[in-house]
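Following: one structure in structure tokens, then a few remarks.
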Amino acid sequence: MKLSRRLGQLAPYLFVEINRKIAEKRARGEEVISFGIGDPDLPTPANIIDKLCSAAREPANHRYPESEGLPQLRQAIAAWYQKRFEVTLDPDTEVLPLIGSKEGIGHMSFCLIDKGEIALVPDPAYPVYGISTQLAGGEPYYLPLKEENGFLPDLDNIPEDILERAKVLWLNYPNNPTGAVAGLDFFERAIAFARKHNLAICHDGPYSEVAYDGYKPVSYLQADGAREVGVEFHSLSKTYNMTGWRVGMAVGNATMIDALKRIKSNLDSGIPQAIQYAAIEALSGPQDAIAQHSRIYQQRRDLVVDVLNDIGCNAIAPKASLYVWAKVPPNYTSMDFAANLLEQTGVMVIPGTGYGPSGEGYVRLSLTLNDASLVKALSKLSGWQDPCNPFKSKH
């Protein structure tokens, strides 16, 4: 059997390799605590589960759903955007429910990219932006996100020959993995840039409801002219702790939404209807849990940042997202530092290079460990001794 060439071009998915290393260590009887994948440990709110259970008992919800989702779900998404961001959306033409935002992100590349065309992709970034570009036959051109620029891409230094072949600009704020945030001024500059170079903008914004210290992230769609050139992907996964239910949305430019709907109608049959009713309850029901969850994550963030700085990393408390992005101590690569931590302490952090070459020198820690595991992990990290500088006090 001969597999496709495109499959051979793909690097192993980051978390598969990390999970393999953890499994090997555990197979030797060693405890491993992972700050890896950003999968909320907090439960889905009870009112959402109750709605899911009652909807699952309805025979009408046992049949094939439609790719474009229930009208009531599209209306609930539009109402949520109006209430949260004061953005008015047409539920019929500017809203599309997704089987998790990752699915929509992956399929969008097939809507926009032809063979040999370029997608402008942040570096470091969620790997799916670049991988889906490759699967669609295109080429990712990576835009370094540097700390001195607030981890925002430098759009002014992209070569002209690249811009001539570019079709799409991927953005993601609050950012994974860096935790950086962007304001409307940045989005408006990006929109002007996209108009000038005839680009589509795809903004991935699933962390807008995980924010700290009173900060309220904005939506890309709040910027002037946003829907004329782009769409925003969002998700119920992080907002309502619904990663396992697989439900998200794409909203914005009607032409791009229609294109994504056409791709999806040929490849999937939509979100199971009982889950759609659970999503409607999430979006339209009580929202108190969002602030409660952010308070828990903020407490964890503060503990993690303190310990990382204490052992010689340079970690700045993020304003939003589920992640702490920390510069590794001197004399280490990202991979060497992560490997040393795992070997010495049994604690797994993700090397920044897993998100792209510009992640070198950093590691990412997720705040989705339950409190007992977090306390144990931080205690282990606190005991780490730097073999490159064994005589340096951490205090």
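Convention: chains lettered A, B, ... in structure tokens order; per-chain residue numbering from 1; ligands numbered from 1 as shown.
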For the structure I just gave you, how does DSSP split region 212-343 of chain A - specifically, which residues are helix (DSSP H, G or I)? Reply as a ChimeraX atom specification. /A:220-222,226-229,243-245,254-267,273-284,288-310,334-343
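Every protein or nucleic acid residue with an atom no more than 10 Å from Ile162 (chain A), counting only C-alpha atoms and leaving out same-chain residues fewer than 4 positions away, appears here: Glu117, Ile118, Ala119, Leu120, Tyr141, Ile158, Ala166 and Lys167 of chain A.
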Limited to N, CA, C and O atoms, could you put the picked residues into a file as a short mmCIF file (atom, residue, chain, number, x, y, z; two decimals), in the first residue's frame?
```cif
data_model
loop_
_atom_site.label_atom_id
_atom_site.label_comp_id
_atom_site.auth_asym_id
_atom_site.auth_seq_id
_atom_site.Cartn_x
_atom_site.Cartn_y
_atom_site.Cartn_z
N GLU A 117 -0.21 28.08 -3.31
CA GLU A 117 -0.51 29.37 -2.69
C GLU A 117 -0.07 29.37 -1.23
O GLU A 117 0.21 28.32 -0.64
N ILE A 118 -0.01 30.56 -0.67
CA ILE A 118 0.61 30.74 0.64
C ILE A 118 -0.41 31.20 1.68
O ILE A 118 -1.28 32.03 1.39
N ALA A 119 -0.27 30.66 2.87
CA ALA A 119 -0.98 31.17 4.04
C ALA A 119 0.05 31.78 4.99
O ALA A 119 1.11 31.18 5.25
N LEU A 120 -0.23 32.97 5.47
CA LEU A 120 0.62 33.63 6.45
C LEU A 120 0.23 33.12 7.83
O LEU A 120 -0.90 33.33 8.29
N TYR A 141 3.80 30.35 5.27
CA TYR A 141 4.92 31.28 5.44
C TYR A 141 4.81 31.80 6.87
O TYR A 141 3.82 32.42 7.24
N ILE A 158 7.05 41.52 5.48
CA ILE A 158 6.82 40.33 4.67
C ILE A 158 7.26 40.63 3.24
O ILE A 158 6.84 41.63 2.66
N ALA A 166 0.22 35.06 -1.43
CA ALA A 166 -0.51 34.82 -0.18
C ALA A 166 -2.01 35.01 -0.39
O ALA A 166 -2.45 35.89 -1.11
N LYS A 167 -2.79 34.14 0.29
CA LYS A 167 -4.24 34.21 0.20
C LYS A 167 -4.91 34.47 1.54
O LYS A 167 -6.05 34.96 1.56
#
```
Can you list, as a VMD selection string, every residue of region 187-357 of chain A that DSSP puts in strand (DSSP E or B)? chain A and resid 200 to 204 211 230 to 235 248 to 252 314 to 315 320 323 to 327 347 to 348 350 to 351
Dump C-alpha atoms for the selected residues as an mmCIF file, in the first residue's frame?
```cif
data_model
loop_
_atom_site.group_PDB
_atom_site.id
_atom_site.type_symbol
_atom_site.label_atom_id
_atom_site.label_comp_id
_atom_site.auth_asym_id
_atom_site.auth_seq_id
_atom_site.Cartn_x
_atom_site.Cartn_y
_atom_site.Cartn_z
ATOM 1 C CA ALA A 200 -8.667 36.806 3.841
ATOM 2 C CA ILE A 201 -8.245 36.999 7.617
ATOM 3 C CA CYS A 202 -9.006 33.987 9.799
ATOM 4 C CA HIS A 203 -8.977 34.880 13.484
ATOM 5 C CA ASP A 204 -9.032 32.098 16.059
ATOM 6 C CA ALA A 211 -9.209 36.383 31.214
ATOM 7 C CA GLY A 230 -12.520 37.784 7.423
ATOM 8 C CA VAL A 231 -14.102 35.395 9.862
ATOM 9 C CA GLU A 232 -13.602 34.514 13.507
ATOM 10 C CA PHE A 233 -13.519 31.009 14.912
ATOM 11 C CA HIS A 234 -14.769 30.514 18.442
ATOM 12 C CA SER A 235 -15.551 27.561 20.650
ATOM 13 C CA GLY A 248 -17.761 25.659 18.092
ATOM 14 C CA MET A 249 -18.592 28.250 15.442
ATOM 15 C CA ALA A 250 -17.313 30.347 12.573
ATOM 16 C CA VAL A 251 -18.793 33.828 12.225
ATOM 17 C CA GLY A 252 -18.264 36.792 9.936
ATOM 18 C CA ASN A 314 11.290 34.322 33.133
ATOM 19 C CA ALA A 315 7.502 34.021 33.244
ATOM 20 C CA ALA A 320 -5.812 35.876 29.210
ATOM 21 C CA TYR A 323 -1.294 29.148 29.326
ATOM 22 C CA VAL A 324 1.879 30.461 30.878
ATOM 23 C CA TRP A 325 4.685 31.051 28.352
ATOM 24 C CA ALA A 326 8.028 31.085 30.105
ATOM 25 C CA LYS A 327 11.575 31.765 28.938
ATOM 26 C CA VAL A 347 6.784 17.124 35.515
ATOM 27 C CA MET A 348 6.041 17.562 31.807
ATOM 28 C CA ILE A 350 5.819 21.557 26.416
ATOM 29 C CA PRO A 351 8.926 22.815 24.584
#
```
If you count only C-alpha atoms, which residues fall within 12 Å of Tyr362 (chain A), apart from same-chain ones fewer than 5 positions away, as a PDB file with all heavy atoms, in the first residue's frame?
```pdb
ATOM      1  N   PRO A 124       5.461  31.246  17.086  1.00  0.00           N
ATOM      2  CA  PRO A 124       4.791  29.963  17.308  1.00  0.00           C
ATOM      3  C   PRO A 124       3.274  30.082  17.186  1.00  0.00           C
ATOM      4  O   PRO A 124       2.719  31.178  17.274  1.00  0.00           O
ATOM      5  CB  PRO A 124       5.200  29.618  18.745  1.00  0.00           C
ATOM      6  CG  PRO A 124       5.367  30.957  19.411  1.00  0.00           C
ATOM      7  CD  PRO A 124       5.952  31.852  18.345  1.00  0.00           C
ATOM      8  N   LYS A 146       7.560  37.813  18.308  1.00  0.00           N
ATOM      9  CA  LYS A 146       8.686  38.099  19.193  1.00  0.00           C
ATOM     10  C   LYS A 146       8.211  38.843  20.435  1.00  0.00           C
ATOM     11  O   LYS A 146       7.308  39.679  20.367  1.00  0.00           O
ATOM     12  CB  LYS A 146       9.745  38.914  18.453  1.00  0.00           C
ATOM     13  CG  LYS A 146      10.336  38.181  17.250  1.00  0.00           C
ATOM     14  CD  LYS A 146      11.404  39.000  16.559  1.00  0.00           C
ATOM     15  CE  LYS A 146      12.009  38.245  15.369  1.00  0.00           C
ATOM     16  NZ  LYS A 146      13.042  39.046  14.668  1.00  0.00           N
ATOM     17  N   GLU A 147       8.882  38.535  21.533  1.00  0.00           N
ATOM     18  CA  GLU A 147       8.499  39.140  22.807  1.00  0.00           C
ATOM     19  C   GLU A 147       8.592  40.659  22.758  1.00  0.00           C
ATOM     20  O   GLU A 147       7.733  41.357  23.314  1.00  0.00           O
ATOM     21  CB  GLU A 147       9.388  38.579  23.923  1.00  0.00           C
ATOM     22  CG  GLU A 147       8.932  38.961  25.315  1.00  0.00           C
ATOM     23  CD  GLU A 147       9.647  38.175  26.398  1.00  0.00           C
ATOM     24  OE1 GLU A 147      10.436  37.252  26.068  1.00  0.00           O
ATOM     25  OE2 GLU A 147       9.418  38.482  27.575  1.00  0.00           O
ATOM     26  N   PRO A 177       0.558  29.747  21.805  1.00  0.00           N
ATOM     27  CA  PRO A 177       0.874  29.416  23.184  1.00  0.00           C
ATOM     28  C   PRO A 177       1.309  30.580  24.084  1.00  0.00           C
ATOM     29  O   PRO A 177       1.521  30.374  25.279  1.00  0.00           O
ATOM     30  CB  PRO A 177       2.059  28.468  23.013  1.00  0.00           C
ATOM     31  CG  PRO A 177       2.794  29.044  21.824  1.00  0.00           C
ATOM     32  CD  PRO A 177       1.720  29.553  20.899  1.00  0.00           C
ATOM     33  N   THR A 178       1.479  31.792  23.550  1.00  0.00           N
ATOM     34  CA  THR A 178       2.191  32.832  24.304  1.00  0.00           C
ATOM     35  C   THR A 178       1.348  33.520  25.370  1.00  0.00           C
ATOM     36  O   THR A 178       1.903  34.174  26.252  1.00  0.00           O
ATOM     37  CB  THR A 178       2.736  33.911  23.356  1.00  0.00           C
ATOM     38  OG1 THR A 178       1.636  34.656  22.809  1.00  0.00           O
ATOM     39  CG2 THR A 178       3.550  33.296  22.232  1.00  0.00           C
ATOM     40  N   LEU A 308       7.884  29.301  38.612  1.00  0.00           N
ATOM     41  CA  LEU A 308       8.764  29.351  37.449  1.00  0.00           C
ATOM     42  C   LEU A 308       9.842  30.418  37.606  1.00  0.00           C
ATOM     43  O   LEU A 308      11.019  30.178  37.312  1.00  0.00           O
ATOM     44  CB  LEU A 308       7.942  29.619  36.187  1.00  0.00           C
ATOM     45  CG  LEU A 308       7.084  28.458  35.684  1.00  0.00           C
ATOM     46  CD1 LEU A 308       6.200  28.921  34.531  1.00  0.00           C
ATOM     47  CD2 LEU A 308       7.952  27.282  35.243  1.00  0.00           C
ATOM     48  N   CYS A 313      13.312  30.614  35.499  1.00  0.00           N
ATOM     49  CA  CYS A 313      12.641  30.968  34.252  1.00  0.00           C
ATOM     50  C   CYS A 313      12.189  32.425  34.326  1.00  0.00           C
ATOM     51  O   CYS A 313      12.146  33.025  35.399  1.00  0.00           O
ATOM     52  CB  CYS A 313      11.420  30.076  34.022  1.00  0.00           C
ATOM     53  SG  CYS A 313      11.807  28.338  33.775  1.00  0.00           S
ATOM     54  N   ASN A 314      11.852  32.966  33.177  1.00  0.00           N
ATOM     55  CA  ASN A 314      11.290  34.322  33.133  1.00  0.00           C
ATOM     56  C   ASN A 314       9.857  34.194  32.636  1.00  0.00           C
ATOM     57  O   ASN A 314       9.606  34.054  31.447  1.00  0.00           O
ATOM     58  CB  ASN A 314      12.109  35.217  32.202  1.00  0.00           C
ATOM     59  CG  ASN A 314      11.569  36.636  32.160  1.00  0.00           C
ATOM     60  OD1 ASN A 314      10.693  37.004  32.932  1.00  0.00           O
ATOM     61  ND2 ASN A 314      12.087  37.445  31.252  1.00  0.00           N
ATOM     62  N   ALA A 315       8.913  34.210  33.571  1.00  0.00           N
ATOM     63  CA  ALA A 315       7.502  34.021  33.244  1.00  0.00           C
ATOM     64  C   ALA A 315       6.727  35.279  33.600  1.00  0.00           C
ATOM     65  O   ALA A 315       6.803  35.763  34.728  1.00  0.00           O
ATOM     66  CB  ALA A 315       6.939  32.819  34.001  1.00  0.00           C
ATOM     67  N   ILE A 316       5.988  35.800  32.638  1.00  0.00           N
ATOM     68  CA  ILE A 316       5.140  36.971  32.862  1.00  0.00           C
ATOM     69  C   ILE A 316       3.697  36.504  32.924  1.00  0.00           C
ATOM     70  O   ILE A 316       3.245  35.724  32.082  1.00  0.00           O
ATOM     71  CB  ILE A 316       5.320  38.003  31.733  1.00  0.00           C
ATOM     72  CG1 ILE A 316       6.772  38.474  31.700  1.00  0.00           C
ATOM     73  CG2 ILE A 316       4.372  39.178  31.900  1.00  0.00           C
ATOM     74  CD1 ILE A 316       7.103  39.368  30.517  1.00  0.00           C
ATOM     75  N   VAL A 324       0.749  29.634  30.477  1.00  0.00           N
ATOM     76  CA  VAL A 324       1.879  30.461  30.878  1.00  0.00           C
ATOM     77  C   VAL A 324       3.029  30.129  29.931  1.00  0.00           C
ATOM     78  O   VAL A 324       3.386  28.957  29.750  1.00  0.00           O
ATOM     79  CB  VAL A 324       2.279  30.192  32.339  1.00  0.00           C
ATOM     80  CG1 VAL A 324       3.571  30.936  32.681  1.00  0.00           C
ATOM     81  CG2 VAL A 324       1.159  30.615  33.291  1.00  0.00           C
ATOM     82  N   TRP A 325       3.580  31.165  29.312  1.00  0.00           N
ATOM     83  CA  TRP A 325       4.685  31.051  28.352  1.00  0.00           C
ATOM     84  C   TRP A 325       5.918  31.581  29.055  1.00  0.00           C
ATOM     85  O   TRP A 325       5.981  32.745  29.430  1.00  0.00           O
ATOM     86  CB  TRP A 325       4.336  31.874  27.120  1.00  0.00           C
ATOM     87  CG  TRP A 325       5.230  31.806  25.929  1.00  0.00           C
ATOM     88  CD1 TRP A 325       5.938  32.849  25.389  1.00  0.00           C
ATOM     89  CD2 TRP A 325       5.459  30.703  25.062  1.00  0.00           C
ATOM     90  NE1 TRP A 325       6.585  32.451  24.245  1.00  0.00           N
ATOM     91  CE2 TRP A 325       6.316  31.126  24.021  1.00  0.00           C
ATOM     92  CE3 TRP A 325       5.034  29.367  25.062  1.00  0.00           C
ATOM     93  CZ2 TRP A 325       6.744  30.284  22.999  1.00  0.00           C
ATOM     94  CZ3 TRP A 325       5.459  28.525  24.042  1.00  0.00           C
ATOM     95  CH2 TRP A 325       6.303  28.982  23.035  1.00  0.00           C
ATOM     96  N   ALA A 326       6.893  30.723  29.263  1.00  0.00           N
ATOM     97  CA  ALA A 326       8.028  31.085  30.105  1.00  0.00           C
ATOM     98  C   ALA A 326       9.347  30.898  29.369  1.00  0.00           C
ATOM     99  O   ALA A 326       9.551  29.885  28.685  1.00  0.00           O
ATOM    100  CB  ALA A 326       8.029  30.236  31.376  1.00  0.00           C
ATOM    101  N   LYS A 327      10.235  31.861  29.529  1.00  0.00           N
ATOM    102  CA  LYS A 327      11.575  31.765  28.938  1.00  0.00           C
ATOM    103  C   LYS A 327      12.413  30.828  29.806  1.00  0.00           C
ATOM    104  O   LYS A 327      12.435  30.954  31.040  1.00  0.00           O
ATOM    105  CB  LYS A 327      12.215  33.146  28.857  1.00  0.00           C
ATOM    106  CG  LYS A 327      13.503  33.185  28.071  1.00  0.00           C
ATOM    107  CD  LYS A 327      14.016  34.622  27.914  1.00  0.00           C
ATOM    108  CE  LYS A 327      13.149  35.407  26.965  1.00  0.00           C
ATOM    109  NZ  LYS A 327      13.711  36.760  26.673  1.00  0.00           N
ATOM    110  N   VAL A 328      13.108  29.894  29.176  1.00  0.00           N
ATOM    111  CA  VAL A 328      13.880  28.909  29.923  1.00  0.00           C
ATOM    112  C   VAL A 328      15.146  29.558  30.479  1.00  0.00           C
ATOM    113  O   VAL A 328      15.587  30.608  29.996  1.00  0.00           O
ATOM    114  CB  VAL A 328      14.233  27.697  29.039  1.00  0.00           C
ATOM    115  CG1 VAL A 328      12.968  27.068  28.465  1.00  0.00           C
ATOM    116  CG2 VAL A 328      15.187  28.074  27.925  1.00  0.00           C
ATOM    117  N   PRO A 329      15.756  28.941  31.497  1.00  0.00           N
ATOM    118  CA  PRO A 329      16.991  29.511  32.054  1.00  0.00           C
ATOM    119  C   PRO A 329      18.110  29.539  31.018  1.00  0.00           C
ATOM    120  O   PRO A 329      18.083  28.811  30.016  1.00  0.00           O
ATOM    121  CB  PRO A 329      17.327  28.543  33.198  1.00  0.00           C
ATOM    122  CG  PRO A 329      16.048  27.868  33.530  1.00  0.00           C
ATOM    123  CD  PRO A 329      15.295  27.758  32.243  1.00  0.00           C
ATOM    124  N   PRO A 330      19.125  30.362  31.241  1.00  0.00           N
ATOM    125  CA  PRO A 330      20.269  30.420  30.319  1.00  0.00           C
ATOM    126  C   PRO A 330      20.917  29.043  30.152  1.00  0.00           C
ATOM    127  O   PRO A 330      20.864  28.202  31.052  1.00  0.00           O
ATOM    128  CB  PRO A 330      21.220  31.405  31.002  1.00  0.00           C
ATOM    129  CG  PRO A 330      20.350  32.223  31.905  1.00  0.00           C
ATOM    130  CD  PRO A 330      19.246  31.323  32.361  1.00  0.00           C
ATOM    131  N   TYR A 332      20.076  26.634  28.146  1.00  0.00           N
ATOM    132  CA  TYR A 332      19.175  25.552  27.777  1.00  0.00           C
ATOM    133  C   TYR A 332      18.465  25.862  26.463  1.00  0.00           C
ATOM    134  O   TYR A 332      18.119  27.016  26.193  1.00  0.00           O
ATOM    135  CB  TYR A 332      18.092  25.344  28.850  1.00  0.00           C
ATOM    136  CG  TYR A 332      18.569  24.700  30.109  1.00  0.00           C
ATOM    137  CD1 TYR A 332      18.959  25.471  31.193  1.00  0.00           C
ATOM    138  CD2 TYR A 332      18.625  23.307  30.222  1.00  0.00           C
ATOM    139  CE1 TYR A 332      19.401  24.885  32.363  1.00  0.00           C
ATOM    140  CE2 TYR A 332      19.067  22.710  31.397  1.00  0.00           C
ATOM    141  CZ  TYR A 332      19.456  23.497  32.457  1.00  0.00           C
ATOM    142  OH  TYR A 332      19.891  22.912  33.616  1.00  0.00           O
ATOM    143  N   THR A 333      18.244  24.802  25.677  1.00  0.00           N
ATOM    144  CA  THR A 333      17.236  24.889  24.630  1.00  0.00           C
ATOM    145  C   THR A 333      15.888  24.524  25.259  1.00  0.00           C
ATOM    146  O   THR A 333      15.833  23.970  26.376  1.00  0.00           O
ATOM    147  CB  THR A 333      17.525  23.924  23.475  1.00  0.00           C
ATOM    148  OG1 THR A 333      17.390  22.571  23.964  1.00  0.00           O
ATOM    149  CG2 THR A 333      18.920  24.135  22.917  1.00  0.00           C
ATOM    150  N   SER A 334      14.822  24.791  24.534  1.00  0.00           N
ATOM    151  CA  SER A 334      13.498  24.433  25.042  1.00  0.00           C
ATOM    152  C   SER A 334      13.398  22.939  25.317  1.00  0.00           C
ATOM    153  O   SER A 334      12.897  22.514  26.364  1.00  0.00           O
ATOM    154  CB  SER A 334      12.421  24.840  24.024  1.00  0.00           C
ATOM    155  OG  SER A 334      12.379  26.224  23.856  1.00  0.00           O
ATOM    156  N   MET A 335      13.869  22.129  24.361  1.00  0.00           N
ATOM    157  CA  MET A 335      13.763  20.681  24.503  1.00  0.00           C
ATOM    158  C   MET A 335      14.632  20.170  25.640  1.00  0.00           C
ATOM    159  O   MET A 335      14.205  19.306  26.423  1.00  0.00           O
ATOM    160  CB  MET A 335      14.153  19.992  23.191  1.00  0.00           C
ATOM    161  CG  MET A 335      13.903  18.495  23.177  1.00  0.00           C
ATOM    162  SD  MET A 335      12.154  18.065  23.335  1.00  0.00           S
ATOM    163  CE  MET A 335      11.567  18.520  21.696  1.00  0.00           C
ATOM    164  N   ASP A 336      15.841  20.705  25.767  1.00  0.00           N
ATOM    165  CA  ASP A 336      16.734  20.263  26.840  1.00  0.00           C
ATOM    166  C   ASP A 336      16.139  20.572  28.209  1.00  0.00           C
ATOM    167  O   ASP A 336      16.203  19.752  29.130  1.00  0.00           O
ATOM    168  CB  ASP A 336      18.099  20.935  26.714  1.00  0.00           C
ATOM    169  CG  ASP A 336      18.907  20.402  25.551  1.00  0.00           C
ATOM    170  OD1 ASP A 336      18.560  19.330  25.024  1.00  0.00           O
ATOM    171  OD2 ASP A 336      19.883  21.072  25.149  1.00  0.00           O
ATOM    172  N   PHE A 337      15.570  21.767  28.337  1.00  0.00           N
ATOM    173  CA  PHE A 337      14.993  22.148  29.618  1.00  0.00           C
ATOM    174  C   PHE A 337      13.798  21.265  29.957  1.00  0.00           C
ATOM    175  O   PHE A 337      13.678  20.776  31.091  1.00  0.00           O
ATOM    176  CB  PHE A 337      14.579  23.617  29.599  1.00  0.00           C
ATOM    177  CG  PHE A 337      13.998  24.104  30.892  1.00  0.00           C
ATOM    178  CD1 PHE A 337      14.765  24.167  32.041  1.00  0.00           C
ATOM    179  CD2 PHE A 337      12.661  24.494  30.961  1.00  0.00           C
ATOM    180  CE1 PHE A 337      14.233  24.611  33.254  1.00  0.00           C
ATOM    181  CE2 PHE A 337      12.110  24.939  32.160  1.00  0.00           C
ATOM    182  CZ  PHE A 337      12.897  24.997  33.305  1.00  0.00           C
ATOM    183  N   ALA A 338      12.908  21.042  28.980  1.00  0.00           N
ATOM    184  CA  ALA A 338      11.742  20.203  29.229  1.00  0.00           C
ATOM    185  C   ALA A 338      12.161  18.781  29.584  1.00  0.00           C
ATOM    186  O   ALA A 338      11.593  18.158  30.495  1.00  0.00           O
ATOM    187  CB  ALA A 338      10.829  20.204  28.007  1.00  0.00           C
ATOM    188  N   VAL A 349       6.415  19.718  30.774  1.00  0.00           N
ATOM    189  CA  VAL A 349       6.032  20.988  30.158  1.00  0.00           C
ATOM    190  C   VAL A 349       6.291  20.846  28.659  1.00  0.00           C
ATOM    191  O   VAL A 349       7.034  19.967  28.235  1.00  0.00           O
ATOM    192  CB  VAL A 349       6.810  22.180  30.744  1.00  0.00           C
ATOM    193  CG1 VAL A 349       6.573  22.303  32.238  1.00  0.00           C
ATOM    194  CG2 VAL A 349       8.307  22.065  30.450  1.00  0.00           C
ATOM    195  N   ILE A 350       5.678  21.689  27.864  1.00  0.00           N
ATOM    196  CA  ILE A 350       5.819  21.557  26.416  1.00  0.00           C
ATOM    197  C   ILE A 350       6.912  22.486  25.899  1.00  0.00           C
ATOM    198  O   ILE A 350       6.852  23.702  26.138  1.00  0.00           O
ATOM    199  CB  ILE A 350       4.496  21.857  25.698  1.00  0.00           C
ATOM    200  CG1 ILE A 350       3.424  20.857  26.149  1.00  0.00           C
ATOM    201  CG2 ILE A 350       4.669  21.766  24.185  1.00  0.00           C
ATOM    202  CD1 ILE A 350       2.112  20.992  25.428  1.00  0.00           C
ATOM    203  N   PRO A 351       7.900  21.954  25.188  1.00  0.00           N
ATOM    204  CA  PRO A 351       8.926  22.815  24.584  1.00  0.00           C
ATOM    205  C   PRO A 351       8.298  23.776  23.586  1.00  0.00           C
ATOM    206  O   PRO A 351       7.432  23.388  22.787  1.00  0.00           O
ATOM    207  CB  PRO A 351       9.859  21.818  23.884  1.00  0.00           C
ATOM    208  CG  PRO A 351       9.544  20.484  24.470  1.00  0.00           C
ATOM    209  CD  PRO A 351       8.116  20.529  24.890  1.00  0.00           C
ATOM    210  N   GLY A 352       8.733  25.012  23.606  1.00  0.00           N
ATOM    211  CA  GLY A 352       8.163  26.012  22.706  1.00  0.00           C
ATOM    212  C   GLY A 352       8.332  25.685  21.246  1.00  0.00           C
ATOM    213  O   GLY A 352       7.513  26.086  20.404  1.00  0.00           O
ATOM    214  N   THR A 353       9.378  24.918  20.900  1.00  0.00           N
ATOM    215  CA  THR A 353       9.611  24.560  19.505  1.00  0.00           C
ATOM    216  C   THR A 353       8.524  23.650  18.958  1.00  0.00           C
ATOM    217  O   THR A 353       8.413  23.489  17.733  1.00  0.00           O
ATOM    218  CB  THR A 353      10.976  23.873  19.352  1.00  0.00           C
ATOM    219  OG1 THR A 353      11.120  22.886  20.390  1.00  0.00           O
ATOM    220  CG2 THR A 353      12.107  24.877  19.473  1.00  0.00           C
ATOM    221  N   GLY A 354       7.719  23.067  19.817  1.00  0.00           N
ATOM    222  CA  GLY A 354       6.595  22.276  19.344  1.00  0.00           C
ATOM    223  C   GLY A 354       5.567  23.112  18.615  1.00  0.00           C
ATOM    224  O   GLY A 354       4.726  22.574  17.886  1.00  0.00           O
ATOM    225  N   TYR A 355       5.628  24.429  18.802  1.00  0.00           N
ATOM    226  CA  TYR A 355       4.683  25.345  18.161  1.00  0.00           C
ATOM    227  C   TYR A 355       5.338  26.137  17.036  1.00  0.00           C
ATOM    228  O   TYR A 355       4.702  27.019  16.467  1.00  0.00           O
ATOM    229  CB  TYR A 355       4.101  26.300  19.204  1.00  0.00           C
ATOM    230  CG  TYR A 355       3.352  25.562  20.287  1.00  0.00           C
ATOM    231  CD1 TYR A 355       3.993  25.208  21.474  1.00  0.00           C
ATOM    232  CD2 TYR A 355       2.033  25.191  20.107  1.00  0.00           C
ATOM    233  CE1 TYR A 355       3.323  24.505  22.456  1.00  0.00           C
ATOM    234  CE2 TYR A 355       1.359  24.488  21.085  1.00  0.00           C
ATOM    235  CZ  TYR A 355       2.002  24.139  22.257  1.00  0.00           C
ATOM    236  OH  TYR A 355       1.348  23.436  23.230  1.00  0.00           O
ATOM    237  N   GLY A 356       6.588  25.829  16.715  1.00  0.00           N
ATOM    238  CA  GLY A 356       7.273  26.522  15.643  1.00  0.00           C
ATOM    239  C   GLY A 356       8.670  26.931  16.070  1.00  0.00           C
ATOM    240  O   GLY A 356       8.969  27.037  17.266  1.00  0.00           O
ATOM    241  N   PRO A 357       9.550  27.199  15.102  1.00  0.00           N
ATOM    242  CA  PRO A 357      10.946  27.540  15.420  1.00  0.00           C
ATOM    243  C   PRO A 357      11.086  28.748  16.330  1.00  0.00           C
ATOM    244  O   PRO A 357      12.019  28.809  17.146  1.00  0.00           O
ATOM    245  CB  PRO A 357      11.559  27.811  14.037  1.00  0.00           C
ATOM    246  CG  PRO A 357      10.698  27.078  13.076  1.00  0.00           C
ATOM    247  CD  PRO A 357       9.316  27.093  13.644  1.00  0.00           C
TER     248      PRO A 357
END
```
Shell of 12 Å around Ala192 (chain A), only C-alpha atoms, local chain residues under 4 positions omitted, as a ChimeraX atom specification: /A:155-156,185-188,196-201,223-226,228-230
List as JSON, numbers by chain the protein and nucleic acid residues near region 58-73 of chain A, meaning an atom at most 12 Å away when only C-alpha atoms are counted, but skip any in the same chain fewer than 2 places from it. {"A": [51, 52, 53, 54, 55, 56, 75, 76, 77, 78, 79, 80, 90, 91, 92, 93, 94, 95, 96, 97, 98, 99, 104, 247, 248, 249, 250, 257, 258, 259, 260, 261, 262, 263, 264, 265, 266, 267, 268, 269, 270, 271, 272, 273, 274, 275, 276, 277, 278, 279, 280, 281, 282, 283, 284]}
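Using only C-alpha atoms, the shortest contact distance between Gly138 (chain A) and any of A:Ile290, A:Ala46, A:Val305, A:Val121 is found at A:Val121.
Note that CA of His107 (chain A) and CA of Ile131 (chain A) are 11.0 Å apart.
Rounded to one decimal, CA of Leu152 (chain A) and CA of Asp123 (chain A) lie 10.0 Å from each other.
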Expressed in Å to a single decimal, how great is the separation between CA of Leu322 (chain A) and CA of Ser366 (chain A)? 5.8 Å
Spatial neighbours of Asn370 (chain A), max dist 12 Å, only C-alpha atoms, sep filter under 4 positions, as a ChimeraX atom specification: /A:33-35,39-43,296-297,299-300,366,374-377
Using only C-alpha atoms: which of A:Met256, A:Leu365, A:Leu112, A:Val210 has the shortest distance to Leu236 (chain A): A:Val210
Which residues come within 8 Å of Ile105 (chain A), counting only C-alpha atoms, excluding same-chain residues fewer than 4 positions away, as a PyMOL selection string? chain A and resi 101+109+128-129+132+233
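Distances to Leu89 (chain A) were evaluated for A:Cys111, A:Val168, A:Leu221, A:Ile49 using only C-alpha atoms, and the minimum falls at A:Leu221.
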